[in-house]
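Trainee: Sharing a structure here in structure tokens format.
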Amino acid sequence: MTAARGGCIFPGAIIVALWGTLCFAAADHEKLLTDPGVYGTFAAYSFDEEWAKEDEATRIAHLAVLKGVVEQHRKKIAIDLYLMQGLSDHADILFRSHATELRDIQEFLVDLQNSTFGKHLRTAGVMHGLTKKANYVPGFSDQLKADLKTASEPGPNPYVIVIPIRKSADWWALDQKKRAAMMKEHTEASLPYHKTVKRKLYHSTGLDDMDFITYFETSKMEDFHSLILSLQKVKEFQYTRRFGHPTWIGTATSLDEIIEVLAH
Amino acid sequence: MTAARGGCIFPGAIIVALWGTLCFAAADHEKLLTDPGVYGTFAAYSFDEEWAKEDEATRIAHLAVLKGVVEQHRKKIAIDLYLMQGLSDHADILFRSHATELRDIQEFLVDLQNSTFGKHLRTAGVMHGLTKKANYVPGFSDQLKADLKTASEPGPNPYVIVIPIRKSADWWALDQKKRAAMMKEHTEASLPYHKTVKRKLYHSTGLDDMDFITYFETSKMEDFHSLILSLQKVKEFQYTRRFGHPTWIGTATSLDEIIEVLAH
Amino acid sequence: MTAARGGCIFPGAIIVALWGTLCFAAADHEKLLTDPGVYGTFAAYSFDEEWAKEDEATRIAHLAVLKGVVEQHRKKIAIDLYLMQGLSDHADILFRSHATELRDIQEFLVDLQNSTFGKHLRTAGVMHGLTKKANYVPGFSDQLKADLKTASEPGPNPYVIVIPIRKSADWWALDQKKRAAMMKEHTEASLPYHKTVKRKLYHSTGLDDMDFITYFETSKMEDFHSLILSLQKVKEFQYTRRFGHPTWIGTATSLDEIIEVLAH
Amino acid sequence: MTAARGGCIFPGAIIVALWGTLCFAAADHEKLLTDPGVYGTFAAYSFDEEWAKEDEATRIAHLAVLKGVVEQHRKKIAIDLYLMQGLSDHADILFRSHATELRDIQEFLVDLQNSTFGKHLRTAGVMHGLTKKANYVPGFSDQLKADLKTASEPGPNPYVIVIPIRKSADWWALDQKKRAAMMKEHTEASLPYHKTVKRKLYHSTGLDDMDFITYFETSKMEDFHSLILSLQKVKEFQYTRRFGHPTWIGTATSLDEIIEVLAH
Amino acid sequence: MTAARGGCIFPGAIIVALWGTLCFAAADHEKLLTDPGVYGTFAAYSFDEEWAKEDEATRIAHLAVLKGVVEQHRKKIAIDLYLMQGLSDHADILFRSHATELRDIQEFLVDLQNSTFGKHLRTAGVMHGLTKKANYVPGFSDQLKADLKTASEPGPNPYVIVIPIRKSADWWALDQKKRAAMMKEHTEASLPYHKTVKRKLYHSTGLDDMDFITYFETSKMEDFHSLILSLQKVKEFQYTRRFGHPTWIGTATSLDEIIEVLAH
């Protein structure tokens with residue numbers, strides 16, 4: 001498999017031609033993936049039992065429909081795909097959608113679910129979050145700010161992990177200063193893994209039964225494991241009421257790669 | 001999509017004629033949505049796997065039946081519809097029904113579920129509540145009372161969020177005065193979002209496995225997120241045992257719009 | 001809908017003739033509903049997806065079988081029926097059975113589930129309890145005892161609510177005197193609703209994953225809501241580990257009425 | 001229904017001839033039911049929806065297969081059957097198997113599940129335990145030991161209740177002496193029900209998500225209820241983290257009786 | 001049944017020829033099972049209802065496909081099979097896969113699930129872990145280190161138990177020294193079972209909703225039970241938030257043996 005970098009999908013050579021235009025059109029994709037005030041929806045699906053029984057030609061026809069639906073909505077939405085099959089319990093594929101309006105994402109997912117392809121999908125889970133400006137970073141020391149700016153290692157990050165988090169009522173009852181001090185400790189603990197584990201945070205309070213969706217990309221799962229282990233040892237972790245449940249794990253993949261996997 | 005304002009549905013121009021009479025007849029609808037002593041039932045459904053396989057003509061015939069059932073019961077009940085598909089985990093549509101007797105709502109939902117349309121529905125969840133006069137407002141300061149009367153911004157509020165809440169036994173053991181003081185703090189924290197997030201409260205103790213159903217309408221999901229974040233920081237939140245689970249999120253829509261979405 | 005009073009079903013005029021004999025035979029029904037040492041089983045079912053697809057003639061034939069099974073077992077068992085459809089999440093009908101031996105109820109439910117009607121039922125939940133002499137009443141003041149004897153308002157009580165309760169280990173570790181004092185407070189809090197909300201208590205410890213099944217009948221759901229709200233404010237509520245989950249809500253109905261609803 | 005006494009099944013007169021040999025062969029059955037170091041597996045199943053649709057002849061053929069599978073494995077395993085239908089939520093029949101090796105029980109259940117009868121079964125739950133010598137009894141007073149030896153009342157015990165128990169970490173952290181003192185109190189509380197409620201204990205730590213499976217037989221469910229109520233009032237109960245969930249309740253029955261019930 | 005020793009499968013004589021080469025090729029298998037830095041994935045499946053209805057010839061054809069998929073991936077992955085049917089609730093077979101990259105395991109499981117055999121499988125659960133160098137052993141006394149090196153009894157270990165564990169936030173907040181002292185006590189408590197119960201530890205923090213997957217092999221289930229009982233009595237157990245849920249139990253078996261069991 002190849003990996004998705006930013007919002008632009010780099011598939012294997014044989015399909016570069018096809019996706020070239022999409023990457024071009026996805027200039028705003030990059031912006032959606034970096035700006036604050038953007039909604040991110042994680043929608044995981046499993047295939048129904050009929051899917052496996054369709055012959056290859058029918059599956060390919062359905063997958064062409066999937067492609068059409070995705071392309072149609074890529075004008076407004078940045079859409080990433082991940083293959084969860086074989087790594088996660090009850091889901092096979094994951095769509096991550098970024099848009100400035102949640103309704104645009106709803107329209108995409110409604111179209112997807114009602115397409116001939118989508119009729120074979122069962123919703124395994126949907127989670128919403130919102131990107132915001134960093135909350136605690138402005139108060140950090142210049143050194144810590146500089147450390148956070150270190151570029152991450154180039155190259156594909158095939159593994160993607162999605163972990164929803166709910167903080168305890170005690171956390172929210174703390175004053176901003178105490179929370180900031182703990183988040184500083186949290187951030188320092190994460191620094192050694194800054195280069196190899198890419199992180200993105202979504203704020204979910206009210207939008208779902210959690211406070212945050214944490215999203216990670218890495219090529220080194222062992223580093224990711226060490227990162228989470230470090231984060232469990234800082235004080236802020238004691239204010240965590242839910243961590244995972246589910247933990248979604250998948251591999252970044254292009255639409256065409258997924259089509260190839262699913263066609264057979 | 002267009003939005004539902006109050007109990008009266010304003011669909012796109014092409015269907016205004018059809019709904020004109022319904023809006024006219026729905027004079028009591030407004031009253032049901034504002035009076036205390038009214039029962040509100042939230043019933044969410046998902047489509048079964050057969051639905052997707054029906055051809056368009058059959059689906060349209062079923063949807064005409066849905067329309068008939070809703071119209072027949074609108075004399076006694078204020079019925080609102082929301083599209084949850086694409087935004088919520090395991091439900092596609094949500095009916096909110098207001099009536100002075102719970103039995104009237106039961107009769108509507110029994111008719112709905114036993115109709116040829118309803119045979120394709122699976123119940124995802126049913127929650128009941130009762131509207132009551134404001135509990136703590138009478139003791140608030142004149143200023144706070146005045147602030148609460150500020151009109152909310154005009155225009156459609158496409159997003160609807162439904163969050164069930166259960167308070168802890170400790171909350172109910174507090175005397176009324178302490179609860180009132182905390183509700184004052186709660187109310188003050190919500191004031192900045194008063195204009196852009198419309199709220200409605202249903203009392204559920206005994207009627208369901210929760211104490212309250214909180215219902216929100218907004219066009220600015222980010223404001224709604226900020227509102228809930230503020231409410232999680234006041235003392236009263238520490239007495240909350242269940243918040244969400246599920247959090248239902250959907251978009252306000254007219255019956256005709258939903259019919260259009262579902263027909264294809 | 002009409003309502004069930006005691007164990008004797010009073011259907012609409014058109015079916016009085018039919019049920020007259022049953023009511024006559026049900027002399028012991030009344031006794032089963034008032035005596036201590038009687039087992040009460042609440043069995044809730046939902047219809048399978050095939051049921052909706054049967055034509056009316058087949059459904060009527062199945063319902064005649066239901067009627068036969070119920071009549072056959074009414075000699076030993078007091079059987080009440082409630083319509084949960086439209087009011088409860090995952091159940092459509094509820095059978096409440098009273099008998100002096102749990103095996104008699106098992107035989108009824110086995111016959112029911114294995115009948116051509118029962119083959120369309122999916123068990124949503126089964127709960128068992130035992131009626132016992134009042135535990136704490138003997139120690140109450142004469143005034144409180146007198147208040148408890150106030151007759152409830154005549155007339156039908158269409159709404160039925162079933163709430164399972166599990167007390168905490170701390171409750172059972174209290175000595176009888178402390179528990180009695182708290183139950184006195186509990187009883188006093190319930191007095192204002194004595195006339196409009198009928199209560200019946202089943203002891204379930206060991207028979208199921210709960211300590212009590214509380215059963216309520218009322219025509220005024222708002223009073224029932226106020227009753228539970230009052231009970232949540234007394235000290236004894238702090239010793240409640242489970243309250244509901246599920247809360248079952250339905251409407252009392254006669255077998256013939258249910259047959260009429262289900263036939264169409 | 002008739003009841004199972006020990007490991008030997010006493011069916012109605014018409015099937016005595018058939019089972020006579022089995023009872024004879026089941027000499028070790030009694031030993032398996034009383035010896036320490038024996039594995040006990042409780043496997044509960046519900047019927048699939050196809051079962052109800054099979055005609056009587058087919059069902060009888062399937063049940064003959066069930067009989068064959070059970071007879072084949074009775075050489076190594078003591079197998080008891082219980083009818084849960086009508087009394088428990090999501091299971092219809094329960095097999096209790098005793099053997100000196102868990103693999104022998106696995107082989108039986110694999111054969112059962114893969115038989116033409118078993119293809120209609122859905123696993124509702126499987127729990128494993130191990131019989132051991134009494135842990136605390138050696139330290140009891142002579143009087144208490146003598147009381148425990150009182151013979152239970154003769155006659156059938158039709159009701160069977162199975163309750164899994166998990167103790168808290170605090171329980172296991174107590175020293176043996178403190179645990180023994182509490183188990184003495186526990187045992188004394190159970191004495192009044194010694195004659196009418198037969199108990200058997202299985203140790204499950206590590207073998208399953210619980211520490212104990214408690215198994216009860218009685219003809220007097222009210223006594224069983226009073227026994228559990230008494231046990232909830234002793235100090236040891238405060239160290240119980242899980243009690244039931246599920247509570248399985250059924251009636252002891254012979255294979256031939258179950259065949260008769262299931263054939264129709 | 002015969003047992004799997006290390007990563008090399010020793011089936012009965014009749015299939016030795018077939019597997020000889022595989023064992024030969026599996027030189028790295030042993031390394032994958034002993035090295036640190038290796039990913040271990042436990043994937044449990046149950047059969048769908050169609051499987052039971054396939055005739056023997058079709059099942060054998062499907063099982064040949066299973067064999068092909070396993071053989072194809074054995075170059076990169078060490079694959080072990082366990083039969084859970086009859087011992088575990090909702091799973092029939094368990095695959096344990098070891099590889100240096102999680103993606104290789106994903107590719108195997110995707111191929112497995114999408115094969116004609118895999119189309120009859122429903123995912124019951126997937127758990128991931130990582131092997132690491134012993135954390136606390138370096139600080140142990142020489143005596144304890146020597147005790148840990150005692151060879152386990154030779155011979156097959158047919159029983160396999162898999163228990164996921166999540167530690168509390170308090171555990172991770174302890175300093176390394178305190179955790180090490182408790183792990184020393186934990187290790188000493190396990191010594192008496194060192195010869196008869198083989199253990200393997202996988203670190204899961206971040207990779208799944210748990211911190212560890214503990215894997216046990218034994219021929220003496222009673223010793224395994226005693227081991228877990230001992231471990232529940234040491235202080236470290238008080239910092240365990242989740243133990244099991246599920247506890248998976250199965251028997252080690254070769255691919256050919258499973259094929260033989262499943263073919264009939």
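Chain labels follow the order of the structure tokens: the first chain is A, the next B, and so on; residue numbering restarts at 1 in every chain, and ligands are counted from 1 in their shown order.
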As number ranges by chain, please: the residues near segment 57-61 of chain B (cut-off 8 Å, only C-alpha atoms, same-chain neighbours under 3 positions excluded).
Mentor: B: 51, 54, 64-65, 259, 262-263
Trainee: Print the selection's residues with N, CA and C atoms to a file, as a CSV table (one decimal), in the first residue's frame.
Mentor:
```
chain,number,residue,atom,x,y,z
B,51,TRP,N,-35.5,-1.8,2.5
B,51,TRP,CA,-35.9,-0.5,2.0
B,51,TRP,C,-35.0,-0.1,0.7
B,54,GLU,N,-36.0,-1.7,-2.6
B,54,GLU,CA,-37.3,-1.4,-3.3
B,54,GLU,C,-37.0,-0.4,-4.4
B,64,ALA,N,-45.8,8.1,0.3
B,64,ALA,CA,-47.2,8.7,0.3
B,64,ALA,C,-48.0,8.2,1.5
B,65,VAL,N,-47.8,7.0,1.9
B,65,VAL,CA,-48.4,6.4,3.1
B,65,VAL,C,-47.9,7.2,4.3
B,259,ILE,N,-39.1,13.2,2.0
B,259,ILE,CA,-39.7,12.3,1.0
B,259,ILE,C,-38.8,12.4,-0.3
B,262,LEU,N,-35.6,10.5,0.4
B,262,LEU,CA,-35.7,9.1,0.6
B,262,LEU,C,-36.2,8.4,-0.7
B,263,ALA,N,-36.9,9.1,-1.6
B,263,ALA,CA,-37.4,8.5,-2.8
B,263,ALA,C,-36.3,8.0,-3.7
```
Trainee: Would you write out chain D as a CSV table (one decimal) with C-alpha atoms, in the first residue's frame, after superposing it on chain A by least squares over all in-order Cα pairs?
Mentor:
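Produced file part_35.csv, reproduced below:
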```csv
chain,number,residue,atom,x,y,z
D,1,MET,CA,-0.1,0.1,0.0
D,2,THR,CA,0.9,3.7,-0.5
D,3,ALA,CA,0.0,6.4,1.9
D,4,ALA,CA,-2.0,9.6,1.9
D,5,ARG,CA,0.0,12.7,2.7
D,6,GLY,CA,-2.1,15.7,3.7
D,7,GLY,CA,-5.2,15.8,1.8
D,8,CYS,CA,-3.7,14.7,-1.5
D,9,ILE,CA,-3.7,11.1,-2.4
D,10,PHE,CA,-0.6,9.6,-4.0
D,11,PRO,CA,-1.5,6.3,-5.5
D,12,GLY,CA,0.7,3.9,-7.3
D,13,ALA,CA,2.0,4.9,-10.8
D,14,ILE,CA,-0.8,3.2,-12.7
D,15,ILE,CA,-3.4,5.5,-11.4
D,16,VAL,CA,-1.5,8.7,-11.1
D,17,ALA,CA,-3.0,10.0,-14.3
D,18,LEU,CA,-6.5,9.5,-13.0
D,19,TRP,CA,-5.9,11.2,-9.7
D,20,GLY,CA,-3.7,14.0,-11.0
D,21,THR,CA,-6.7,16.3,-11.6
D,22,LEU,CA,-8.2,15.5,-8.2
D,23,CYS,CA,-5.0,16.4,-6.5
D,24,PHE,CA,-4.9,19.7,-8.4
D,25,ALA,CA,-8.5,20.4,-7.6
D,26,ALA,CA,-7.8,19.7,-3.9
D,27,ALA,CA,-6.0,22.9,-3.3
D,28,ASP,CA,-8.6,23.7,-0.6
D,29,HIS,CA,-8.3,20.2,0.7
D,30,GLU,CA,-4.9,21.2,2.3
D,31,LYS,CA,-6.6,24.3,3.8
D,32,LEU,CA,-9.4,22.2,5.2
D,33,LEU,CA,-6.9,19.9,6.9
D,34,THR,CA,-5.0,22.8,8.5
D,35,ASP,CA,-7.5,25.6,9.3
D,36,PRO,CA,-9.3,26.0,12.5
D,37,GLY,CA,-13.1,26.1,12.4
D,38,VAL,CA,-13.4,23.1,10.2
D,39,TYR,CA,-15.7,20.1,11.0
D,40,GLY,CA,-14.2,16.6,10.8
D,41,THR,CA,-16.5,13.6,10.6
D,42,PHE,CA,-15.2,10.0,11.0
D,43,ALA,CA,-17.6,7.5,9.6
D,44,ALA,CA,-16.8,3.8,9.8
D,45,TYR,CA,-18.7,1.1,7.9
D,46,SER,CA,-18.7,-2.6,7.6
D,47,PHE,CA,-19.9,-4.6,4.5
D,48,ASP,CA,-23.1,-6.5,4.7
D,49,GLU,CA,-23.2,-10.2,4.0
D,50,GLU,CA,-24.5,-9.6,0.5
D,51,TRP,CA,-21.4,-7.8,-0.6
D,52,ALA,CA,-19.2,-10.9,-0.4
D,53,LYS,CA,-21.7,-12.7,-2.6
D,54,GLU,CA,-21.7,-10.2,-5.5
D,55,ASP,CA,-19.6,-11.3,-8.4
D,56,GLU,CA,-16.5,-9.2,-9.3
D,57,ALA,CA,-18.2,-7.3,-12.2
D,58,THR,CA,-21.1,-6.2,-9.9
D,59,ARG,CA,-18.6,-5.1,-7.2
D,60,ILE,CA,-16.6,-3.2,-9.7
D,61,ALA,CA,-19.7,-1.4,-10.9
D,62,HIS,CA,-20.6,-0.6,-7.3
D,63,LEU,CA,-17.1,0.7,-6.7
D,64,ALA,CA,-17.3,3.0,-9.7
D,65,VAL,CA,-20.4,4.5,-8.1
D,66,LEU,CA,-18.4,5.0,-4.8
D,67,LYS,CA,-15.8,6.8,-6.9
D,68,GLY,CA,-18.4,9.0,-8.5
D,69,VAL,CA,-19.9,9.9,-5.2
D,70,VAL,CA,-16.6,10.8,-3.7
D,71,GLU,CA,-15.5,12.8,-6.7
D,72,GLN,CA,-18.7,14.7,-6.8
D,73,HIS,CA,-18.3,15.9,-3.1
D,74,ARG,CA,-14.6,16.5,-3.2
D,75,LYS,CA,-15.3,20.1,-4.4
D,76,LYS,CA,-16.6,21.1,-1.0
D,77,ILE,CA,-15.2,18.3,1.2
D,78,ALA,CA,-11.7,16.8,1.9
D,79,ILE,CA,-12.3,13.1,1.9
D,80,ASP,CA,-9.7,10.6,3.2
D,81,LEU,CA,-10.1,6.8,3.2
D,82,TYR,CA,-8.7,4.2,5.4
D,83,LEU,CA,-8.8,0.4,5.4
D,84,MET,CA,-9.9,-0.9,8.8
D,85,GLN,CA,-10.6,-4.5,7.7
D,86,GLY,CA,-8.3,-7.0,9.4
D,87,LEU,CA,-7.3,-4.4,12.1
D,88,SER,CA,-10.5,-3.3,13.7
D,89,ASP,CA,-13.4,-5.2,15.2
D,90,HIS,CA,-16.5,-4.4,13.4
D,91,ALA,CA,-15.7,-2.0,10.6
D,92,ASP,CA,-14.1,-2.4,7.2
D,93,ILE,CA,-13.6,1.1,5.9
D,94,LEU,CA,-13.3,4.6,7.4
D,95,PHE,CA,-14.1,7.9,5.7
D,96,ARG,CA,-12.7,11.1,7.2
D,97,SER,CA,-14.4,14.2,5.9
D,98,HIS,CA,-13.5,17.8,6.5
D,99,ALA,CA,-15.7,20.7,5.6
D,100,THR,CA,-16.7,24.1,6.8
D,101,GLU,CA,-20.3,23.0,7.3
D,102,LEU,CA,-21.5,19.8,8.8
D,103,ARG,CA,-24.4,19.7,6.4
D,104,ASP,CA,-22.0,19.3,3.5
D,105,ILE,CA,-20.6,16.2,5.1
D,106,GLN,CA,-24.1,14.9,5.8
D,107,GLU,CA,-25.0,15.4,2.2
D,108,PHE,CA,-22.0,13.4,1.1
D,109,LEU,CA,-22.7,10.5,3.6
D,110,VAL,CA,-26.4,10.4,2.7
D,111,ASP,CA,-25.4,10.2,-1.0
D,112,LEU,CA,-22.8,7.5,-0.1
D,113,GLN,CA,-25.2,5.4,2.0
D,114,ASN,CA,-28.0,5.6,-0.5
D,115,SER,CA,-25.9,4.7,-3.5
D,116,THR,CA,-25.8,1.2,-4.9
D,117,PHE,CA,-22.4,0.8,-3.2
D,118,GLY,CA,-23.7,2.2,0.1
D,119,LYS,CA,-26.5,-0.2,0.2
D,120,HIS,CA,-24.0,-2.8,1.1
D,121,LEU,CA,-22.6,-0.7,4.0
D,122,ARG,CA,-23.6,-0.9,7.7
D,123,THR,CA,-22.8,2.1,9.8
D,124,ALA,CA,-20.3,1.0,12.4
D,125,GLY,CA,-19.9,4.4,14.0
D,126,VAL,CA,-20.0,8.2,13.2
D,127,MET,CA,-18.0,10.8,15.3
D,128,HIS,CA,-17.9,14.5,14.8
D,129,GLY,CA,-15.3,17.1,15.9
D,130,LEU,CA,-14.3,20.6,15.2
D,131,THR,CA,-10.7,21.9,14.6
D,132,LYS,CA,-9.8,24.9,16.8
D,133,LYS,CA,-6.8,27.1,17.4
D,134,ALA,CA,-4.4,25.6,19.9
D,135,ASN,CA,-5.8,26.3,23.4
D,136,TYR,CA,-2.8,26.1,25.6
D,137,VAL,CA,0.1,26.6,23.2
D,138,PRO,CA,0.1,30.4,23.5
D,139,GLY,CA,1.2,30.1,27.1
D,140,PHE,CA,4.0,27.7,26.5
D,141,SER,CA,7.7,28.7,26.7
D,142,ASP,CA,9.5,29.7,23.5
D,143,GLN,CA,11.6,26.6,23.7
D,144,LEU,CA,8.5,24.3,23.9
D,145,LYS,CA,6.9,26.3,21.0
D,146,ALA,CA,10.1,25.8,18.9
D,147,ASP,CA,10.2,22.1,19.7
D,148,LEU,CA,6.6,21.7,18.6
D,149,LYS,CA,7.6,23.3,15.2
D,150,THR,CA,10.2,20.6,14.5
D,151,ALA,CA,9.2,19.1,11.2
D,152,SER,CA,8.0,15.5,11.2
D,153,GLU,CA,9.9,12.9,9.3
D,154,PRO,CA,9.1,12.9,5.6
D,155,GLY,CA,7.6,9.8,4.0
D,156,PRO,CA,4.3,8.0,4.1
D,157,ASN,CA,2.6,7.3,7.5
D,158,PRO,CA,0.6,4.2,6.6
D,159,TYR,CA,-0.9,3.6,10.1
D,160,VAL,CA,-3.8,5.7,11.3
D,161,ILE,CA,-5.3,5.5,14.8
D,162,VAL,CA,-8.4,7.3,16.0
D,163,ILE,CA,-9.1,7.5,19.8
D,164,PRO,CA,-12.1,9.4,21.2
D,165,ILE,CA,-11.6,10.9,24.7
D,166,ARG,CA,-13.9,12.2,27.3
D,167,LYS,CA,-12.6,14.2,30.2
D,168,SER,CA,-14.0,14.0,33.7
D,169,ALA,CA,-16.3,16.7,35.2
D,170,ASP,CA,-13.4,17.4,37.6
D,171,TRP,CA,-11.2,18.4,34.6
D,172,TRP,CA,-13.7,21.0,33.4
D,173,ALA,CA,-14.1,22.3,36.9
D,174,LEU,CA,-10.3,23.1,37.1
D,175,ASP,CA,-9.3,26.7,36.4
D,176,GLN,CA,-7.7,27.4,33.0
D,177,LYS,CA,-4.2,27.9,34.7
D,178,LYS,CA,-4.2,24.4,36.3
D,179,ARG,CA,-5.3,22.8,33.0
D,180,ALA,CA,-2.6,24.7,31.1
D,181,ALA,CA,0.1,23.5,33.5
D,182,MET,CA,-1.0,19.9,33.0
D,183,MET,CA,-1.3,20.3,29.3
D,184,LYS,CA,2.3,21.6,29.2
D,185,GLU,CA,3.4,18.5,31.0
D,186,HIS,CA,1.4,16.5,28.5
D,187,THR,CA,3.0,18.2,25.6
D,188,GLU,CA,6.5,17.8,26.9
D,189,ALA,CA,5.8,14.1,27.3
D,190,SER,CA,4.8,13.8,23.7
D,191,LEU,CA,7.9,15.7,22.3
D,192,PRO,CA,10.1,12.6,21.8
D,193,TYR,CA,7.6,11.2,19.4
D,194,HIS,CA,6.9,14.5,17.5
D,195,LYS,CA,9.0,13.5,14.5
D,196,THR,CA,7.5,10.0,13.9
D,197,VAL,CA,3.9,10.4,15.1
D,198,LYS,CA,1.7,13.1,13.5
D,199,ARG,CA,-1.2,14.2,15.6
D,200,LYS,CA,-4.4,16.1,14.9
D,201,LEU,CA,-7.0,17.2,17.5
D,202,TYR,CA,-10.8,17.5,17.0
D,203,HIS,CA,-13.0,19.1,19.7
D,204,SER,CA,-16.3,17.2,20.1
D,205,THR,CA,-18.0,18.5,23.2
D,206,GLY,CA,-21.7,18.6,22.4
D,207,LEU,CA,-21.2,17.2,18.9
D,208,ASP,CA,-20.9,13.7,20.2
D,209,ASP,CA,-20.6,11.6,23.4
D,210,MET,CA,-16.9,12.6,23.9
D,211,ASP,CA,-14.8,15.8,24.3
D,212,PHE,CA,-12.1,15.1,21.8
D,213,ILE,CA,-11.2,12.9,18.8
D,214,THR,CA,-7.5,12.3,18.7
D,215,TYR,CA,-6.1,11.3,15.3
D,216,PHE,CA,-2.6,9.9,14.8
D,217,GLU,CA,-0.6,9.0,11.7
D,218,THR,CA,2.7,7.0,11.9
D,219,SER,CA,4.9,4.6,10.1
D,220,LYS,CA,6.2,3.4,13.5
D,221,MET,CA,3.5,1.8,15.6
D,222,GLU,CA,6.0,1.1,18.4
D,223,ASP,CA,6.6,4.8,18.7
D,224,PHE,CA,2.9,5.5,18.8
D,225,HIS,CA,2.6,2.9,21.5
D,226,SER,CA,5.4,4.6,23.5
D,227,LEU,CA,3.8,8.0,23.0
D,228,ILE,CA,0.4,6.8,24.5
D,229,LEU,CA,2.3,5.1,27.3
D,230,SER,CA,4.0,8.4,28.1
D,231,LEU,CA,0.8,10.3,28.0
D,232,GLN,CA,-0.8,7.9,30.4
D,233,LYS,CA,1.9,8.7,33.0
D,234,VAL,CA,1.3,12.5,33.2
D,235,LYS,CA,-1.2,14.0,35.7
D,236,GLU,CA,-3.6,15.1,33.0
D,237,PHE,CA,-4.5,11.5,32.2
D,238,GLN,CA,-6.0,11.1,35.6
D,239,TYR,CA,-8.8,13.4,34.4
D,240,THR,CA,-9.7,11.1,31.5
D,241,ARG,CA,-13.0,9.3,31.9
D,242,ARG,CA,-13.0,7.6,28.5
D,243,PHE,CA,-10.1,6.7,26.3
D,244,GLY,CA,-10.9,4.8,23.2
D,245,HIS,CA,-14.0,2.5,23.2
D,246,PRO,CA,-13.5,2.3,20.4
D,247,THR,CA,-9.9,2.6,19.4
D,248,TRP,CA,-10.1,2.6,15.6
D,249,ILE,CA,-7.0,1.5,13.7
D,250,GLY,CA,-6.5,1.4,10.0
D,251,THR,CA,-4.1,2.0,7.1
D,252,ALA,CA,-4.2,5.1,5.0
D,253,THR,CA,-5.0,4.2,1.5
D,254,SER,CA,-6.2,5.9,-1.7
D,255,LEU,CA,-9.6,5.4,-3.2
D,256,ASP,CA,-8.2,3.5,-6.1
D,257,GLU,CA,-6.2,1.2,-3.8
D,258,ILE,CA,-9.3,0.4,-1.8
D,259,ILE,CA,-11.2,-0.2,-5.0
D,260,GLU,CA,-8.6,-2.7,-6.0
D,261,VAL,CA,-8.7,-4.5,-2.7
D,262,LEU,CA,-12.5,-4.5,-2.6
D,263,ALA,CA,-13.0,-5.6,-6.2
D,264,HIS,CA,-11.5,-9.0,-5.7
```
Trainee: Using DSSP on the backbone, list every residue of segment 3-231 of chain E that comes out as strand (DSSP E or B), and give them as a VMD selection string.
Mentor: chain E and resid 4 to 5 8 to 9 39 to 47 78 to 83 93 to 99 121 to 130 159 to 167 197 to 203 205 208 212 to 218
Trainee: Go through segment 63-210 of chain E and collect every residue that DSSP, computed from the backbone, puts in alpha helix (DSSP H); the answer should be as a PyMOL selection string.
Mentor: chain E and resi 63-73+102-114+142-149+169-173+176-190
